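Please read the structure below before turning to the comments.
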Amino acid sequence: MRYDIIPRVLLAPLSSIREELQTILPCFDQNKLESMARSPEASYSFCDIMRNALSVASYTACLFMGCTNSLLQIITNFIDLSPYRPFGTYVSCTGEGRMFTLKNPDAILQLLSYSLQLDNAVVDVACRSFKEHLGYETEFEDNLGKEDVVDLELLDLQLHLYSGGASSNEMKSIETAVKELGLSTRAMLCLCAARESEQKKQRNQEKIDNNRKKIEYTLRKLEDYRDKGKMSKIGYYDAFKLQTEREDYDANVTRLELAGIWSEIIEMLKRYELPDGFECREDWVELGTRL
């Protein structure tokens, strides 16, 4: 549900909401829901969670937008940000008989933050955020099996920003998503940037995959050098260290080439420039631990 507070709780660090959890949990008692959800404590917890969600979303947006401000590097020393990031397929029910799906974790993070913005009626919004967590059964019973499911990743939200180049049906779908999810211009810009960031990650992965044959070739050369060195009197380790033969020098050049390729991959991982699933790919794990 669009206003559900629970998916956003993990975006607040435990140190920030440890005490508030004692306030949040009783709000889901059906007998006390209305009174508890409208209490000052519940409103405070709600605002605290949303402030943390916005901090995480803004920080992440700066990263994938390529912000070069040096303050970004030290902000985590002063602000405790939650390490949690969404994963899997996110389904947003708006209560209008329509569902929106999204898989891009960065885009989901932006959606969780910007689809629920605070306004003057904090108490009403906070109360609704607790109520909607208990409304999934009714929502799914009413809409499950219907074909009105919109994949947000297929919608080019930039068309709404620049209002051109789209068919009337596509613009209608975009306008519906923008309206029902309550997306501001800033939210759409962040979602577009998240989409472009994911596409860039895929391109980087393709680039690395294209280097796979080169990596395997250099590994075979080093393995051949190692196997041949085992037959010598001094062994391949000492032979490589002493560099007395031409093949020892060639092996070192090959090692440097291989190290350069792996260094580039490691730097991409550190900068989050590769898809989240790349680190779990067994073929690359095996390749990286082969020697």
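Chain identifiers are assigned as A, B, and so on, following the order in which chains appear in the structure tokens; residues are numbered from 1 within each chain, and ligands are numbered from 1 in order of appearance.
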Excluding same-chain residues fewer than 3 positions from Ser115 (chain A), what lies within 6 Å of it counting only C-alpha atoms, as a tab-separated table (two decimals) with N, CA and C atoms, in the first residue's frame?
chain	number	residue	atom	x	y	z
A	111	LEU	N	11.01	5.56	-4.54
A	111	LEU	CA	9.55	5.51	-4.49
A	111	LEU	C	9.05	5.45	-3.05
A	112	LEU	N	9.72	4.67	-2.22
A	112	LEU	CA	9.31	4.57	-0.82
A	112	LEU	C	9.40	5.92	-0.11
A	181	LEU	N	0.55	7.69	-7.34
A	181	LEU	CA	1.69	7.50	-6.46
A	181	LEU	C	2.15	8.81	-5.83
A	182	GLY	N	1.54	9.90	-6.24
A	182	GLY	CA	1.88	11.20	-5.66
A	182	GLY	C	3.30	11.63	-5.95
A	183	LEU	N	3.75	11.44	-7.19
A	183	LEU	CA	5.14	11.73	-7.54
A	183	LEU	C	5.32	13.19	-7.92
Item to check | Per-residue DSSP, region 78-188 of chain A, filtered to helix (DSSP H, G or I), as an MDAnalysis selection string | outcome: chainID A and resid 105:114 122:134 136:143 152:154 158:162 168:181 185:188
Would you output that residue set with C-alpha atoms, as a PDB file, in the first residue's frame?
ATOM      1  CA  PRO A 105      16.252  -1.432  -5.932  1.00  0.00           C
ATOM      2  CA  ASP A 106      17.410   2.183  -6.295  1.00  0.00           C
ATOM      3  CA  ALA A 107      14.095   3.172  -7.869  1.00  0.00           C
ATOM      4  CA  ILE A 108      12.153   1.344  -5.141  1.00  0.00           C
ATOM      5  CA  LEU A 109      14.092   3.280  -2.522  1.00  0.00           C
ATOM      6  CA  GLN A 110      13.180   6.582  -4.176  1.00  0.00           C
ATOM      7  CA  LEU A 111       9.552   5.507  -4.494  1.00  0.00           C
ATOM      8  CA  LEU A 112       9.313   4.567  -0.816  1.00  0.00           C
ATOM      9  CA  SER A 113      10.537   8.013   0.114  1.00  0.00           C
ATOM     10  CA  TYR A 114       8.777  10.264  -2.380  1.00  0.00           C
ATOM     11  CA  VAL A 122       0.825  14.756   9.889  1.00  0.00           C
ATOM     12  CA  VAL A 123      -1.528  13.054  12.344  1.00  0.00           C
ATOM     13  CA  ASP A 124      -3.948  11.991   9.591  1.00  0.00           C
ATOM     14  CA  VAL A 125      -1.167  10.725   7.320  1.00  0.00           C
ATOM     15  CA  ALA A 126       0.510   8.892  10.196  1.00  0.00           C
ATOM     16  CA  CYS A 127      -2.775   7.249  11.162  1.00  0.00           C
ATOM     17  CA  ARG A 128      -3.406   6.219   7.569  1.00  0.00           C
ATOM     18  CA  SER A 129       0.108   4.780   7.294  1.00  0.00           C
ATOM     19  CA  PHE A 130      -0.625   2.396  10.163  1.00  0.00           C
ATOM     20  CA  LYS A 131      -4.109   1.524   8.923  1.00  0.00           C
ATOM     21  CA  GLU A 132      -2.973   0.669   5.409  1.00  0.00           C
ATOM     22  CA  HIS A 133      -0.582  -1.976   6.699  1.00  0.00           C
ATOM     23  CA  LEU A 134      -3.660  -3.953   7.726  1.00  0.00           C
ATOM     24  CA  TYR A 136      -3.632  -5.833   2.146  1.00  0.00           C
ATOM     25  CA  GLU A 137      -6.096  -8.685   2.468  1.00  0.00           C
ATOM     26  CA  THR A 138      -8.982  -6.567   1.231  1.00  0.00           C
ATOM     27  CA  GLU A 139      -6.863  -4.967  -1.487  1.00  0.00           C
ATOM     28  CA  PHE A 140      -5.679  -8.288  -2.882  1.00  0.00           C
ATOM     29  CA  GLU A 141      -9.104  -9.883  -2.686  1.00  0.00           C
ATOM     30  CA  ASP A 142     -10.547  -7.014  -4.698  1.00  0.00           C
ATOM     31  CA  ASN A 143      -7.790  -6.810  -7.309  1.00  0.00           C
ATOM     32  CA  LEU A 152       6.849   1.189 -13.725  1.00  0.00           C
ATOM     33  CA  GLU A 153      10.109   0.157 -15.361  1.00  0.00           C
ATOM     34  CA  LEU A 154       8.373   0.191 -18.741  1.00  0.00           C
ATOM     35  CA  GLN A 158      10.914  11.630 -18.669  1.00  0.00           C
ATOM     36  CA  LEU A 159       8.110  11.953 -21.204  1.00  0.00           C
ATOM     37  CA  HIS A 160       5.920  13.444 -18.485  1.00  0.00           C
ATOM     38  CA  LEU A 161       8.652  15.927 -17.620  1.00  0.00           C
ATOM     39  CA  TYR A 162       9.201  17.051 -21.196  1.00  0.00           C
ATOM     40  CA  SER A 168      -1.703   9.219 -25.862  1.00  0.00           C
ATOM     41  CA  ASN A 169      -2.050   5.774 -24.236  1.00  0.00           C
ATOM     42  CA  GLU A 170       1.482   5.896 -22.880  1.00  0.00           C
ATOM     43  CA  MET A 171       1.032   9.417 -21.549  1.00  0.00           C
ATOM     44  CA  LYS A 172      -2.219   8.358 -19.916  1.00  0.00           C
ATOM     45  CA  SER A 173      -0.462   5.488 -18.120  1.00  0.00           C
ATOM     46  CA  ILE A 174       2.333   7.804 -17.006  1.00  0.00           C
ATOM     47  CA  GLU A 175      -0.079  10.461 -15.755  1.00  0.00           C
ATOM     48  CA  THR A 176      -2.037   7.813 -13.853  1.00  0.00           C
ATOM     49  CA  ALA A 177       1.127   6.554 -12.158  1.00  0.00           C
ATOM     50  CA  VAL A 178       2.260  10.070 -11.290  1.00  0.00           C
ATOM     51  CA  LYS A 179      -1.123  10.960  -9.817  1.00  0.00           C
ATOM     52  CA  GLU A 180      -1.831   7.778  -7.858  1.00  0.00           C
ATOM     53  CA  LEU A 181       1.691   7.496  -6.458  1.00  0.00           C
ATOM     54  CA  THR A 185       8.968  16.492 -10.304  1.00  0.00           C
ATOM     55  CA  ARG A 186      11.933  15.750  -8.043  1.00  0.00           C
ATOM     56  CA  ALA A 187      10.642  12.219  -7.472  1.00  0.00           C
ATOM     57  CA  MET A 188      10.357  11.596 -11.214  1.00  0.00           C
TER      58      MET A 188
END
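Neighbours of Met65 (chain A) closer than or equal to 10 Å, with only C-alpha atoms counted and sequence neighbours fewer than 5 positions away skipped, come out as Tyr59, Thr60, Cys190, Ala193, Ala194, Glu196 and Ser197 of chain A.
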Next on the checklist: When you look at Arg255 (chain A) with a cut-off of 9 Å (counting only C-alpha atoms), what residues show up, excluding the ones that are within fewer than 3 positions of it in the same chain? I need them as number ranges by chain.
Outcome noted: A: 218-219, 222, 250-252, 258-260
Checklist entry - Between A:Asp248, A:Asp227, A:Glu257, A:Glu198, which has the minimum distance to Lys214 (chain A) (counting only C-alpha atoms)? => result A:Glu257
Checklist outcome for this item: Using only C-alpha atoms, the residue out of A:Tyr90, A:Arg203, A:Arg38, A:Cys47 with shortest distance to Glu20 (chain A) is A:Cys47
